[in-house]
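Read through the structure below, which is laid out as structure tokens, and then see the notes.
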Amino acid sequence: MKTLKNSILIICLLVISGSVTAQLRFIVQNGDSAKVFGTFGAAFAATQQGDTLYLPGGTFNMGNITINKKLTMIGAGHHPTYSQATGRTEITGSIALITGSDTSRFSGFYLSGNINFGTSKTNSNITNIEISRCNVNTIKLYYSDYYGSSPSLAEQLLISENIIRGEIVGGDAQNVLIEKNILHNIQDFNNNVLISNNVVLIPNSLMFQEITSCTIQNNVFIHTGTYLFYNNSANTVKNNLFVNTYLGETDNIDQQPLESIFVNYTGGTFSY
């Protein structure tokens, strides 16, 4: 009953925030209590370990933030049609996850920038992160600097039902599930990664490069160039659908016209 009351309180606060068109409202839930803030900066500064930060519909500048605690961030959604009541949550900025952010969750917003794991070679050991139903530029699961990239220390990651305008760069992160996304590219994974039920849009470029000993299944590939699965080895590739010619592996279907796969999609970048 207490959980139900807390949920009703959050819903009421979100309705109130949605009715105020001149000013955004950010809600931080900590246990049984919830507080309302007028700016993202004030709300984010008030968050503690395990808090949930509810983001309103509307456009605001978050800047480049670093998260070192367990935090759940939930927006009103990113699809222009399905978030008409409040407007979609559209954020300018990027997110860096560092040590301490284990078990964080991110859902329901458009992000202009990237989600990066680590800001140094020593603070990217992060586990159990979920990124779902967001629209982001790129997700990079490792730290890189001027001298090159370091292998990712991140593991137990779920990346699901997102629009990824760029790519997912793994840096050999372990125990990763990438599923049900619309994206342009995936690269740099080695072992213990399942890539399943994604729609891969980019038509002609390096695609799915530097992937080794992973499972790639039930995806749709729009790729029409010559560099699909570039520099890969020992992967299980099965039950995928290809516009291009693809020979080998198990139960893949290739040479399928685009119009036989989608309705009213003629190729190119993602559009709602």
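Labels used: A, B, ... for chains in the order of the structure tokens, numbers from 1 for residues in each chain, and numbers from 1 for ligands as shown.
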Item to check | Close residues, Ile216 (chain A) itself excluded, 10 Å, only C-alpha atoms, min 3 positions apart in chain, as a count of residues only | outcome: 17
Item to check | Selection near Ser120 (chain A), 9 Å with only C-alpha atoms, sequence-local residues under 2 positions removed, as a list of chain:residue names | outcome: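 The residues that qualify are A:Ile98, A:Gly118, A:Thr122, A:Asn123, A:Ser124, A:Tyr143, A:Ser144, A:Asp145.
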Filtering to all heavy atoms, could you give me those residues as a PDB file, in the first residue's frame?
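Result file selection-v4.pdb:
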ATOM      1  N   ILE A  98      31.131   6.402 -13.994  1.00  0.00           N
ATOM      2  CA  ILE A  98      32.412   5.996 -13.435  1.00  0.00           C
ATOM      3  C   ILE A  98      32.166   5.046 -12.259  1.00  0.00           C
ATOM      4  O   ILE A  98      31.024   4.755 -11.902  1.00  0.00           O
ATOM      5  CB  ILE A  98      33.262   7.206 -12.985  1.00  0.00           C
ATOM      6  CG1 ILE A  98      32.581   7.960 -11.846  1.00  0.00           C
ATOM      7  CG2 ILE A  98      33.539   8.132 -14.154  1.00  0.00           C
ATOM      8  CD1 ILE A  98      33.463   9.060 -11.245  1.00  0.00           C
ATOM      9  N   GLY A 118      33.512   5.553 -18.012  1.00  0.00           N
ATOM     10  CA  GLY A 118      34.841   5.887 -17.534  1.00  0.00           C
ATOM     11  C   GLY A 118      35.344   7.221 -18.046  1.00  0.00           C
ATOM     12  O   GLY A 118      35.060   7.622 -19.175  1.00  0.00           O
ATOM     13  N   THR A 122      41.288   4.134 -14.614  1.00  0.00           N
ATOM     14  CA  THR A 122      41.093   3.476 -13.324  1.00  0.00           C
ATOM     15  C   THR A 122      39.663   3.546 -12.814  1.00  0.00           C
ATOM     16  O   THR A 122      39.369   2.974 -11.762  1.00  0.00           O
ATOM     17  CB  THR A 122      42.016   4.110 -12.265  1.00  0.00           C
ATOM     18  OG1 THR A 122      41.713   5.505 -12.148  1.00  0.00           O
ATOM     19  CG2 THR A 122      43.469   3.932 -12.646  1.00  0.00           C
ATOM     20  N   ASN A 123      38.754   4.229 -13.507  1.00  0.00           N
ATOM     21  CA  ASN A 123      37.414   4.393 -12.940  1.00  0.00           C
ATOM     22  C   ASN A 123      36.296   3.873 -13.851  1.00  0.00           C
ATOM     23  O   ASN A 123      35.153   4.314 -13.751  1.00  0.00           O
ATOM     24  CB  ASN A 123      37.150   5.858 -12.566  1.00  0.00           C
ATOM     25  CG  ASN A 123      37.075   6.784 -13.769  1.00  0.00           C
ATOM     26  OD1 ASN A 123      37.062   6.343 -14.920  1.00  0.00           O
ATOM     27  ND2 ASN A 123      37.036   8.079 -13.510  1.00  0.00           N
ATOM     28  N   SER A 124      36.613   2.927 -14.717  1.00  0.00           N
ATOM     29  CA  SER A 124      35.602   2.418 -15.639  1.00  0.00           C
ATOM     30  C   SER A 124      35.141   0.999 -15.289  1.00  0.00           C
ATOM     31  O   SER A 124      34.496   0.339 -16.098  1.00  0.00           O
ATOM     32  CB  SER A 124      36.140   2.428 -17.079  1.00  0.00           C
ATOM     33  OG  SER A 124      37.282   1.608 -17.194  1.00  0.00           O
ATOM     34  N   TYR A 143      37.097   3.634 -21.816  1.00  0.00           N
ATOM     35  CA  TYR A 143      37.785   4.922 -21.730  1.00  0.00           C
ATOM     36  C   TYR A 143      38.882   4.972 -22.777  1.00  0.00           C
ATOM     37  O   TYR A 143      39.616   4.005 -22.984  1.00  0.00           O
ATOM     38  CB  TYR A 143      38.397   5.112 -20.347  1.00  0.00           C
ATOM     39  CG  TYR A 143      39.378   6.257 -20.293  1.00  0.00           C
ATOM     40  CD1 TYR A 143      38.936   7.569 -20.289  1.00  0.00           C
ATOM     41  CD2 TYR A 143      40.750   6.014 -20.295  1.00  0.00           C
ATOM     42  CE1 TYR A 143      39.833   8.623 -20.269  1.00  0.00           C
ATOM     43  CE2 TYR A 143      41.662   7.064 -20.266  1.00  0.00           C
ATOM     44  CZ  TYR A 143      41.198   8.357 -20.264  1.00  0.00           C
ATOM     45  OH  TYR A 143      42.083   9.412 -20.246  1.00  0.00           O
ATOM     46  N   SER A 144      39.025   6.109 -23.450  1.00  0.00           N
ATOM     47  CA  SER A 144      40.126   6.291 -24.401  1.00  0.00           C
ATOM     48  C   SER A 144      40.761   7.650 -24.178  1.00  0.00           C
ATOM     49  O   SER A 144      40.117   8.596 -23.735  1.00  0.00           O
ATOM     50  CB  SER A 144      39.631   6.180 -25.843  1.00  0.00           C
ATOM     51  OG  SER A 144      38.707   7.207 -26.132  1.00  0.00           O
ATOM     52  N   ASP A 145      42.035   7.734 -24.445  1.00  0.00           N
ATOM     53  CA  ASP A 145      42.737   9.000 -24.294  1.00  0.00           C
ATOM     54  C   ASP A 145      43.657   9.203 -25.499  1.00  0.00           C
ATOM     55  O   ASP A 145      43.601   8.472 -26.487  1.00  0.00           O
ATOM     56  CB  ASP A 145      43.533   9.037 -22.985  1.00  0.00           C
ATOM     57  CG  ASP A 145      44.536   7.887 -22.871  1.00  0.00           C
ATOM     58  OD1 ASP A 145      44.875   7.279 -23.901  1.00  0.00           O
ATOM     59  OD2 ASP A 145      44.971   7.600 -21.747  1.00  0.00           O
TER      60      ASP A 145
END
Item to check | Gap from CA of Tyr230 (chain A) to CA of Glu161 (chain A) - Å, one decimal | outcome: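 Separating CA of Tyr230 (chain A) from CA of Glu161 (chain A) is a distance of 24.9 Å.
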Within 8 Å of region 56-74 of chain A, which residues of region 20-47 of chain A come that close, and what is the closest atom pair and distance in Å for each? Count only C-alpha atoms and give it as a tab-separated table.
residue	atom	partner	partner_atom	distance
A:Leu24	CA	A:Pro56	CA	6.5
A:Arg25	CA	A:Pro56	CA	6.2
A:Phe26	CA	A:Pro56	CA	6.2
A:Phe40	CA	A:Met62	CA	6.5
A:Gly41	CA	A:Met62	CA	7.2
A:Thr47	CA	A:Leu71	CA	7.9
Item to check | One-decimal distance in Å that lies between CA of Val36 (chain A) and CA of Val136 (chain A) | outcome: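 Separating CA of Val136 (chain A) from CA of Val36 (chain A) is a distance of 25.9 Å.
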Item to check | Neighbour list for Asn204 (chain A) as a ChimeraX atom specification, cut-off 12 Å, only C-alpha atoms, skip fewer than 6 positions in-chain | outcome: /A:184-185,221-228,243-244,267-269
Checklist entry - If you run DSSP on this backbone, which residues of region 123-262 of chain A come out as strand (DSSP E or B), and could you give them as a PyMOL selection string? => result chain A and resi 127-132+135-136+139-140+144-145+148-149+155-160+163-169+174-179+182-187+189-190+193-196+199-200+207+211-212+215-217+220-221+228+233+236-238+241-242+250+253
Checklist entry - Between A:Leu153, A:Ile115, A:Ile95, A:Ala34, which is the closest to Thr138 (chain A) once you count only C-alpha atoms? => result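 Counting only C-alpha atoms, the residue closest to Thr138 (chain A) is A:Ile115.
Selecting helix (DSSP H, G or I) from the backbone DSSP output for region 19-236 of chain A yields Ser19, Phe40, Gly41, Ala42, Ala43, Phe44, Ala45 and Ala46 of chain A.
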Non-local contacts of Gly171 (chain A) (6 Å; only C-alpha atoms; under 2 positions in same chain excluded) as a short mmCIF file (atom, residue, chain, number, x, y, z; two decimals) with C-alpha atoms, in the first residue's frame:
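What ended up in selection-v8.cif:
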data_model
loop_
_atom_site.label_atom_id
_atom_site.label_comp_id
_atom_site.auth_asym_id
_atom_site.auth_seq_id
_atom_site.Cartn_x
_atom_site.Cartn_y
_atom_site.Cartn_z
CA TYR A 142 35.43 2.07 -22.56
CA PRO A 151 40.15 -2.43 -22.58
CA SER A 152 36.76 -1.91 -21.00
CA ALA A 173 33.33 -5.12 -22.58
CA ASP A 188 34.98 -3.84 -30.79
#
Checklist entry - Taking only C-alpha atoms into account, which of A:Pro80, A:Gly93, A:Gly75, A:Gly87 comes nearest Ser107 (chain A)? => result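 Distance minimum relative to Ser107 (chain A) lands on A:Gly75.
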Next on the checklist: Which residue is closest to Gln48 (chain A)? Choose from A:Ser94, A:Ser112, A:Ser233, A:Ser101 and count only C-alpha atoms.
Outcome noted: A:Ser101
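Distance annotation: of A:Thr215, A:Asn264, A:Gln49, A:Asn162, the residue with the minimal separation from Cys134 (chain A) is A:Asn162; atom set is only C-alpha atoms.
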Next on the checklist: My list of candidates is A:Ser104, A:Thr92, A:Gln187, A:Gln256. Which is closest to Asn137 (chain A) when distances are computed with only C-alpha atoms?
Outcome noted: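 Looking only at the distances to Asn137 (chain A), the closest residue turns out to be A:Thr92.
Comparing A:Leu177, A:Leu183, A:Ile202, A:Leu97 by their smallest distance to Cys214 (chain A), the closest is A:Leu177 (using only C-alpha atoms).
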Checklist entry - Between CA of Ile91 (chain A) and CA of Thr52 (chain A), what is the distance, to one decimal in Å? => result 17.1 Å
